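Report on the structure given below.
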Amino acid sequence: MEFAEFALVCERLEALAGRLEMRDLVASLLPGLGEAELPVFIRFVQGRVFPDWSSEKLGIGPNLLYEAVAYVAGRKRADVVRLVNETGDAGLAVERLLERRQQSSFFSDSMSLAEVHALLVRVASSAGPQSQQAKMRLLRQGFGAMTPLEARYFARLVLAELRIGIGEGTVRDAIAVAFGVDPALVEHAQQAKNDLGEVALLAREGPASLEAVSIVPFRPVRLMLAQQGTIAQQLADFGPVAVEYKYDGSRIQFHRLGKVGRCWSRRLEEVTHALPEVVESLLAATHGDVILDAEVVAVGPDGRPLPFQTVLRRFRRKHGVAEAREAITLVPRVFDCLWADGETLLDRPLAERRARLEALLIDHLAPQQVLGDVESVQAVYEQALTDGHEGVMLKLPGSPYTPGARGRAWIKIKPEAETLDLAVIGAGWGEGRRAGAFGTYELAVQDRGRLLPVGRVATGMTDEDLASLHALVQDLVIAESGASVTLEPGVVFEVGYSEIQASPTYASGYALRFPRFVRVREDKGVDEVETLESLEERYLAQTTRTGADAHRDDPTS
Ligand code: AMP
């Protein structure tokens, strides 16, 4: 497939609103793609260059991209930035600039999908002091060979935001339709493989290949997620639950093969080098090859847990790891086992995975009790809080491990008022004492690959917070208009509120009353923020409750 054809497909997808039409269009193309093209197409159409499990990054920010485009279009960088501000979209801006380019420099060479992929792989692998120039040369080469429409999608692909509105579910269904297999099997294979590109190849081989998938060590799978709930409801609906402490740390997935141990963060970024003592202690604590799910906590000299931010600081650290390791003790609390000695355990019930875990782990096991009455669970919950933990997790003993899914198989019980994790999509300059930094942040929920605004937050931040938040987002500015800016989505805020209100002001249809900044969720990606669907559920749940408790979640009720 030529990249030009891919761009035309994207343009058609962008114009379609219906999920089924999108699915069918993608499905109609898949059987005709070659062995090497199929996975690339599947990843590209999702705005990705690498498999989901890969930590590989292109290492190109908007500024480098604008410079490359300016060069190819024979314009100044400022012209590119102005057009991006006008259109609010780097892809459209690039397209327009290249439309005005001299005809003679067009179409030197057209590129195939595979060639664009190879070029991007080279972009990602250029490292070292000269890497920015090398990446720039490759980008210029790419844009130089492209029509304006191709450049629109190439620019967006480079910025990891294709904006064609196709979600993972639609691509999954398209694979099922294209190769005549059950969508549930495709989903099942995706849970283990974490790369729809590879899953498409398996689907082409047939259902047996999809069924036979297994996890591969050193390719992280997505983490299973928890939903909010209440003790009484969970017990009433499901009977006895496995109760564990909810540790206030940061999630890791640990892989061991032979003598090598590596670990990944919740966002599947590799953190092996930042957490050497965690890797060492898990290597020492395990028999055989394993993949484990755990929370890493920091403990103080008295053995009590330290705040979650202390752990995150260690995750981010690239230099001075040895000194940091001296200052803070990190301990893993292991609560699940996804794979052991070549066997994929995702489909096994929690009780069985737990038995495997207990047999193979010598140390660092997170205690668990199966309990069936509210009072006993409540007692563990209170003990958890007394011991300085966040609360408890209630898990269904018969449930499989479902990577990336949030459901009632795992619920979290914690005391604080409800908060939402929201994507930061814009900011406004502060005034008066707050001038010089952004003072408000625009927030959004996600809905099938789109981010929809739910309002702004301007309280809950100290002056230091404002300065550090500004530093965090300043490189993400993609457009400016008056006192506000549009930000490339990349940062997630946890935000408290007093009530969710229906509101025509924001595209989500909702607004938050008294939004209050709680913290940056550095461990969460934009694809993990609150969904519109769950915001709606919260809204409805709140209107069915009454009085002063309308926004409070009583974990015991
Ligand atoms: P939240 O981040 O509030 O959605 O809560 C879910 C998170 O709690 C998980 O992603 C883990 O990082 C963390 N956690 C702490 N203890 C446990 C546990 N025992 N089981 C599962 N997750 C836990």
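Simple scheme: letters A, B, ... for chains in structure tokens order, numbers from 1 for residues in each chain, numbers from 1 for ligands in the order shown.
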Given a cut-off of 7 Å, what residues near ligand 1 show up using only C-alpha atoms and all ligand atoms, put as a PDB file with all heavy atoms, in the first residue's frame?
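Writing done, so here's out.pdb:
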```pdb
ATOM      1  N   LEU A 225      -7.799  -2.901  35.745  1.00  0.00           N
ATOM      2  CA  LEU A 225      -8.134  -1.681  36.485  1.00  0.00           C
ATOM      3  C   LEU A 225      -9.323  -1.908  37.410  1.00  0.00           C
ATOM      4  O   LEU A 225     -10.074  -2.863  37.250  1.00  0.00           O
ATOM      5  CB  LEU A 225      -8.458  -0.551  35.500  1.00  0.00           C
ATOM      6  CG  LEU A 225      -7.323  -0.240  34.512  1.00  0.00           C
ATOM      7  CD1 LEU A 225      -7.818   0.697  33.427  1.00  0.00           C
ATOM      8  CD2 LEU A 225      -6.130   0.367  35.236  1.00  0.00           C
ATOM      9  N   ALA A 226      -9.462  -0.987  38.352  1.00  0.00           N
ATOM     10  CA  ALA A 226     -10.527  -1.130  39.353  1.00  0.00           C
ATOM     11  C   ALA A 226     -11.575  -0.036  39.179  1.00  0.00           C
ATOM     12  O   ALA A 226     -11.299   1.033  38.662  1.00  0.00           O
ATOM     13  CB  ALA A 226      -9.918  -1.035  40.743  1.00  0.00           C
ATOM     14  N   GLN A 227     -12.745  -0.354  39.658  1.00  0.00           N
ATOM     15  CA  GLN A 227     -13.867   0.588  39.594  1.00  0.00           C
ATOM     16  C   GLN A 227     -14.206   0.996  41.028  1.00  0.00           C
ATOM     17  O   GLN A 227     -13.866   0.268  41.959  1.00  0.00           O
ATOM     18  CB  GLN A 227     -15.017  -0.194  38.999  1.00  0.00           C
ATOM     19  CG  GLN A 227     -16.160   0.602  38.494  1.00  0.00           C
ATOM     20  CD  GLN A 227     -17.053  -0.318  37.648  1.00  0.00           C
ATOM     21  OE1 GLN A 227     -16.674  -0.747  36.577  1.00  0.00           O
ATOM     22  NE2 GLN A 227     -18.214  -0.633  38.165  1.00  0.00           N
ATOM     23  N   GLU A 244      -7.911  -7.118  49.869  1.00  0.00           N
ATOM     24  CA  GLU A 244      -6.483  -6.782  50.008  1.00  0.00           C
ATOM     25  C   GLU A 244      -6.383  -5.315  50.398  1.00  0.00           C
ATOM     26  O   GLU A 244      -7.304  -4.544  50.109  1.00  0.00           O
ATOM     27  CB  GLU A 244      -5.756  -6.962  48.662  1.00  0.00           C
ATOM     28  CG  GLU A 244      -5.714  -8.387  48.179  1.00  0.00           C
ATOM     29  CD  GLU A 244      -5.306  -8.492  46.697  1.00  0.00           C
ATOM     30  OE1 GLU A 244      -4.905  -7.488  46.099  1.00  0.00           O
ATOM     31  OE2 GLU A 244      -5.433  -9.596  46.161  1.00  0.00           O
ATOM     32  N   TYR A 245      -5.294  -4.918  50.989  1.00  0.00           N
ATOM     33  CA  TYR A 245      -5.073  -3.497  51.225  1.00  0.00           C
ATOM     34  C   TYR A 245      -4.914  -2.800  49.881  1.00  0.00           C
ATOM     35  O   TYR A 245      -4.366  -3.373  48.944  1.00  0.00           O
ATOM     36  CB  TYR A 245      -3.794  -3.272  52.039  1.00  0.00           C
ATOM     37  CG  TYR A 245      -3.937  -3.545  53.514  1.00  0.00           C
ATOM     38  CD1 TYR A 245      -2.819  -3.490  54.343  1.00  0.00           C
ATOM     39  CD2 TYR A 245      -5.166  -3.840  54.085  1.00  0.00           C
ATOM     40  CE1 TYR A 245      -2.926  -3.735  55.700  1.00  0.00           C
ATOM     41  CE2 TYR A 245      -5.277  -4.089  55.434  1.00  0.00           C
ATOM     42  CZ  TYR A 245      -4.154  -4.040  56.247  1.00  0.00           C
ATOM     43  OH  TYR A 245      -4.259  -4.276  57.578  1.00  0.00           O
ATOM     44  N   LYS A 246      -5.382  -1.562  49.834  1.00  0.00           N
ATOM     45  CA  LYS A 246      -5.084  -0.742  48.652  1.00  0.00           C
ATOM     46  C   LYS A 246      -3.898   0.133  49.028  1.00  0.00           C
ATOM     47  O   LYS A 246      -4.026   1.066  49.827  1.00  0.00           O
ATOM     48  CB  LYS A 246      -6.291   0.117  48.258  1.00  0.00           C
ATOM     49  CG  LYS A 246      -6.042   0.918  46.986  1.00  0.00           C
ATOM     50  CD  LYS A 246      -7.290   1.678  46.564  1.00  0.00           C
ATOM     51  CE  LYS A 246      -7.189   2.223  45.155  1.00  0.00           C
ATOM     52  NZ  LYS A 246      -6.019   3.036  44.881  1.00  0.00           N
ATOM     53  N   TYR A 247      -2.744  -0.233  48.497  1.00  0.00           N
ATOM     54  CA  TYR A 247      -1.504   0.473  48.837  1.00  0.00           C
ATOM     55  C   TYR A 247      -1.423   1.772  48.053  1.00  0.00           C
ATOM     56  O   TYR A 247      -1.805   1.824  46.881  1.00  0.00           O
ATOM     57  CB  TYR A 247      -0.301  -0.412  48.515  1.00  0.00           C
ATOM     58  CG  TYR A 247      -0.348  -1.731  49.248  1.00  0.00           C
ATOM     59  CD1 TYR A 247      -0.811  -2.880  48.618  1.00  0.00           C
ATOM     60  CD2 TYR A 247       0.035  -1.803  50.581  1.00  0.00           C
ATOM     61  CE1 TYR A 247      -0.882  -4.091  49.302  1.00  0.00           C
ATOM     62  CE2 TYR A 247      -0.037  -3.010  51.268  1.00  0.00           C
ATOM     63  CZ  TYR A 247      -0.500  -4.146  50.627  1.00  0.00           C
ATOM     64  OH  TYR A 247      -0.578  -5.322  51.299  1.00  0.00           O
ATOM     65  N   ASP A 248      -0.897   2.797  48.708  1.00  0.00           N
ATOM     66  CA  ASP A 248      -0.794   4.095  48.040  1.00  0.00           C
ATOM     67  C   ASP A 248       0.603   4.247  47.455  1.00  0.00           C
ATOM     68  O   ASP A 248       1.456   4.926  48.005  1.00  0.00           O
ATOM     69  CB  ASP A 248      -1.076   5.202  49.062  1.00  0.00           C
ATOM     70  CG  ASP A 248      -1.294   6.535  48.374  1.00  0.00           C
ATOM     71  OD1 ASP A 248      -1.455   6.542  47.136  1.00  0.00           O
ATOM     72  OD2 ASP A 248      -1.306   7.558  49.070  1.00  0.00           O
ATOM     73  N   GLY A 249       0.820   3.575  46.365  1.00  0.00           N
ATOM     74  CA  GLY A 249       2.141   3.646  45.737  1.00  0.00           C
ATOM     75  C   GLY A 249       1.977   3.760  44.248  1.00  0.00           C
ATOM     76  O   GLY A 249       1.131   4.503  43.773  1.00  0.00           O
ATOM     77  N   SER A 250       2.761   3.010  43.507  1.00  0.00           N
ATOM     78  CA  SER A 250       2.651   3.041  42.058  1.00  0.00           C
ATOM     79  C   SER A 250       2.723   1.624  41.534  1.00  0.00           C
ATOM     80  O   SER A 250       3.465   0.795  42.042  1.00  0.00           O
ATOM     81  CB  SER A 250       3.774   3.901  41.496  1.00  0.00           C
ATOM     82  OG  SER A 250       3.248   4.706  40.492  1.00  0.00           O
ATOM     83  N   ARG A 251       1.961   1.394  40.507  1.00  0.00           N
ATOM     84  CA  ARG A 251       1.802   0.045  39.980  1.00  0.00           C
ATOM     85  C   ARG A 251       3.008  -0.354  39.148  1.00  0.00           C
ATOM     86  O   ARG A 251       3.536   0.468  38.388  1.00  0.00           O
ATOM     87  CB  ARG A 251       0.551   0.078  39.093  1.00  0.00           C
ATOM     88  CG  ARG A 251       0.047  -1.243  38.600  1.00  0.00           C
ATOM     89  CD  ARG A 251      -0.999  -1.767  39.538  1.00  0.00           C
ATOM     90  NE  ARG A 251      -1.651  -2.948  39.001  1.00  0.00           N
ATOM     91  CZ  ARG A 251      -2.844  -2.939  38.426  1.00  0.00           C
ATOM     92  NH1 ARG A 251      -3.503  -1.808  38.286  1.00  0.00           N
ATOM     93  NH2 ARG A 251      -3.384  -4.063  37.991  1.00  0.00           N
ATOM     94  N   GLU A 295       2.158  -3.439  43.499  1.00  0.00           N
ATOM     95  CA  GLU A 295       2.216  -2.011  43.802  1.00  0.00           C
ATOM     96  C   GLU A 295       3.541  -1.776  44.524  1.00  0.00           C
ATOM     97  O   GLU A 295       3.900  -2.540  45.429  1.00  0.00           O
ATOM     98  CB  GLU A 295       1.026  -1.640  44.706  1.00  0.00           C
ATOM     99  CG  GLU A 295       0.901  -0.172  45.019  1.00  0.00           C
ATOM    100  CD  GLU A 295       0.114   0.617  43.964  1.00  0.00           C
ATOM    101  OE1 GLU A 295      -0.193   0.083  42.868  1.00  0.00           O
ATOM    102  OE2 GLU A 295      -0.170   1.791  44.241  1.00  0.00           O
ATOM    103  N   PHE A 335       0.415  -8.767  44.174  1.00  0.00           N
ATOM    104  CA  PHE A 335      -0.949  -9.266  44.369  1.00  0.00           C
ATOM    105  C   PHE A 335      -1.482 -10.121  43.231  1.00  0.00           C
ATOM    106  O   PHE A 335      -2.592 -10.645  43.314  1.00  0.00           O
ATOM    107  CB  PHE A 335      -1.921  -8.128  44.691  1.00  0.00           C
ATOM    108  CG  PHE A 335      -1.837  -6.959  43.745  1.00  0.00           C
ATOM    109  CD1 PHE A 335      -2.397  -7.023  42.496  1.00  0.00           C
ATOM    110  CD2 PHE A 335      -1.196  -5.799  44.146  1.00  0.00           C
ATOM    111  CE1 PHE A 335      -2.321  -5.954  41.636  1.00  0.00           C
ATOM    112  CE2 PHE A 335      -1.122  -4.712  43.282  1.00  0.00           C
ATOM    113  CZ  PHE A 335      -1.687  -4.786  42.033  1.00  0.00           C
ATOM    114  N   ALA A 366       1.330  -9.563  48.939  1.00  0.00           N
ATOM    115  CA  ALA A 366       0.335  -8.700  49.588  1.00  0.00           C
ATOM    116  C   ALA A 366      -0.702  -9.607  50.244  1.00  0.00           C
ATOM    117  O   ALA A 366      -1.291 -10.444  49.566  1.00  0.00           O
ATOM    118  CB  ALA A 366      -0.334  -7.816  48.543  1.00  0.00           C
ATOM    119  N   MET A 393      -9.036  -3.115  48.407  1.00  0.00           N
ATOM    120  CA  MET A 393      -9.512  -3.567  47.108  1.00  0.00           C
ATOM    121  C   MET A 393     -10.331  -4.824  47.373  1.00  0.00           C
ATOM    122  O   MET A 393      -9.904  -5.688  48.150  1.00  0.00           O
ATOM    123  CB  MET A 393      -8.347  -3.971  46.203  1.00  0.00           C
ATOM    124  CG  MET A 393      -7.316  -2.914  45.951  1.00  0.00           C
ATOM    125  SD  MET A 393      -7.860  -1.665  44.796  1.00  0.00           S
ATOM    126  CE  MET A 393      -8.130  -2.645  43.345  1.00  0.00           C
ATOM    127  N   LYS A 412     -12.522  -0.627  44.289  1.00  0.00           N
ATOM    128  CA  LYS A 412     -11.674   0.051  45.277  1.00  0.00           C
ATOM    129  C   LYS A 412     -12.559   0.783  46.269  1.00  0.00           C
ATOM    130  O   LYS A 412     -13.565   1.374  45.887  1.00  0.00           O
ATOM    131  CB  LYS A 412     -10.719   1.014  44.571  1.00  0.00           C
ATOM    132  CG  LYS A 412     -11.392   1.940  43.590  1.00  0.00           C
ATOM    133  CD  LYS A 412     -10.381   2.711  42.748  1.00  0.00           C
ATOM    134  CE  LYS A 412     -11.097   3.538  41.699  1.00  0.00           C
ATOM    135  NZ  LYS A 412     -10.213   4.147  40.718  1.00  0.00           N
TER     136      LYS A 412
END
```
- strand (DSSP E or B) residues, from DSSP on the backbone, in segment 160-372 of chain A, as a PyMOL selection string: chain A and resi 225-228+241-246+250-257+260-265+270+286+290-299+305+329-340+343-344+361+365+369-371
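Nearest residue to Gly436 of chain A among A:Glu277, A:Asp421, A:Asp363, A:Asp463 is A:Asp463, counting only C-alpha atoms.
The residue that comes closest to Ile60 of chain A, out of A:Leu476, A:Ala145, A:Val80, A:Ala274 and on the basis of only C-alpha atoms, is A:Leu476.
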- Task: Once DSSP has gone over the backbone, tell me which residues of segment 362-525 of chain A are in helix (DSSP H, G or I), as a ChimeraX atom specification.
- Result: /A:374-386,432-434,463-476
So which residues touch segment 526-531 of chain A within 7 Å, counting only C-alpha atoms, skipping near sequence neighbours fewer than 4 positions away, as a PDB file with N, CA, C and O atoms, in the first residue's frame?
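Produced file selection39.pdb, reproduced below:
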```pdb
ATOM      1  N   LEU A 420     -12.192  12.896  39.972  1.00  0.00           N
ATOM      2  CA  LEU A 420     -12.177  12.440  38.582  1.00  0.00           C
ATOM      3  C   LEU A 420     -10.766  12.615  38.048  1.00  0.00           C
ATOM      4  O   LEU A 420     -10.098  13.598  38.375  1.00  0.00           O
ATOM      5  N   ASP A 421     -10.328  11.688  37.211  1.00  0.00           N
ATOM      6  CA  ASP A 421      -9.066  11.876  36.505  1.00  0.00           C
ATOM      7  C   ASP A 421      -9.420  12.401  35.122  1.00  0.00           C
ATOM      8  O   ASP A 421     -10.138  11.742  34.366  1.00  0.00           O
ATOM      9  N   LEU A 422      -8.929  13.612  34.816  1.00  0.00           N
ATOM     10  CA  LEU A 422      -9.339  14.285  33.580  1.00  0.00           C
ATOM     11  C   LEU A 422      -8.125  14.718  32.760  1.00  0.00           C
ATOM     12  O   LEU A 422      -7.059  15.018  33.318  1.00  0.00           O
ATOM     13  N   ALA A 423      -8.304  14.762  31.445  1.00  0.00           N
ATOM     14  CA  ALA A 423      -7.209  15.181  30.570  1.00  0.00           C
ATOM     15  C   ALA A 423      -7.131  16.709  30.571  1.00  0.00           C
ATOM     16  O   ALA A 423      -8.151  17.389  30.550  1.00  0.00           O
ATOM     17  N   VAL A 445     -13.088  14.895  29.436  1.00  0.00           N
ATOM     18  CA  VAL A 445     -13.307  13.454  29.566  1.00  0.00           C
ATOM     19  C   VAL A 445     -13.069  12.833  28.192  1.00  0.00           C
ATOM     20  O   VAL A 445     -13.001  13.544  27.199  1.00  0.00           O
ATOM     21  N   GLN A 446     -12.960  11.507  28.138  1.00  0.00           N
ATOM     22  CA  GLN A 446     -12.777  10.867  26.833  1.00  0.00           C
ATOM     23  C   GLN A 446     -14.059  10.176  26.393  1.00  0.00           C
ATOM     24  O   GLN A 446     -14.840   9.702  27.217  1.00  0.00           O
ATOM     25  N   ASP A 447     -14.239  10.177  25.092  1.00  0.00           N
ATOM     26  CA  ASP A 447     -15.389   9.473  24.541  1.00  0.00           C
ATOM     27  C   ASP A 447     -14.980   8.896  23.195  1.00  0.00           C
ATOM     28  O   ASP A 447     -14.818   9.636  22.232  1.00  0.00           O
ATOM     29  N   PRO A 489      -2.799  16.990  24.370  1.00  0.00           N
ATOM     30  CA  PRO A 489      -3.171  16.222  25.560  1.00  0.00           C
ATOM     31  C   PRO A 489      -2.023  15.310  25.979  1.00  0.00           C
ATOM     32  O   PRO A 489      -1.452  14.630  25.144  1.00  0.00           O
ATOM     33  N   GLY A 490      -1.675  15.328  27.228  1.00  0.00           N
ATOM     34  CA  GLY A 490      -0.559  14.499  27.685  1.00  0.00           C
ATOM     35  C   GLY A 490      -0.540  14.434  29.202  1.00  0.00           C
ATOM     36  O   GLY A 490       0.048  13.548  29.780  1.00  0.00           O
ATOM     37  N   VAL A 491      -1.224  15.415  29.829  1.00  0.00           N
ATOM     38  CA  VAL A 491      -1.183  15.495  31.285  1.00  0.00           C
ATOM     39  C   VAL A 491      -2.568  15.172  31.836  1.00  0.00           C
ATOM     40  O   VAL A 491      -3.584  15.551  31.253  1.00  0.00           O
ATOM     41  N   VAL A 492      -2.591  14.441  32.960  1.00  0.00           N
ATOM     42  CA  VAL A 492      -3.859  14.078  33.596  1.00  0.00           C
ATOM     43  C   VAL A 492      -3.913  14.687  35.001  1.00  0.00           C
ATOM     44  O   VAL A 492      -2.963  14.547  35.770  1.00  0.00           O
ATOM     45  N   LEU A 535     -18.958   9.289  33.457  1.00  0.00           N
ATOM     46  CA  LEU A 535     -19.375  10.583  34.014  1.00  0.00           C
ATOM     47  C   LEU A 535     -20.904  10.650  34.071  1.00  0.00           C
ATOM     48  O   LEU A 535     -21.494  11.100  35.059  1.00  0.00           O
TER      49      LEU A 535
END
```
- Message: Applying 12 Å and only C-alpha atoms, which residues near Ser126 of chain A remain after dropping the ones on its own chain fewer than 4 positions away? List them as number ranges by chain.
- Response: A: 56-60, 119-122, 130-138
- Task: Tell me, in Å to one decimal, how far atom CA of Thr459 of chain A is from atom CA of Gly430 of chain A.
- Result: 11.8 Å
- Message: What's around segment 201-210 of chain A at 12 Å? Count only C-alpha atoms, leave out sequence neighbours fewer than 3 positions away in its own chain, and write the answer as number ranges by chain.
- Response: A: 27, 30-42, 172-193, 195-198, 213-214
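Counting only C-alpha atoms, the residue from A:Trp53, A:Trp410, A:Phe517, A:Tyr497 that sits nearest to Leu466 of chain A is A:Phe517.
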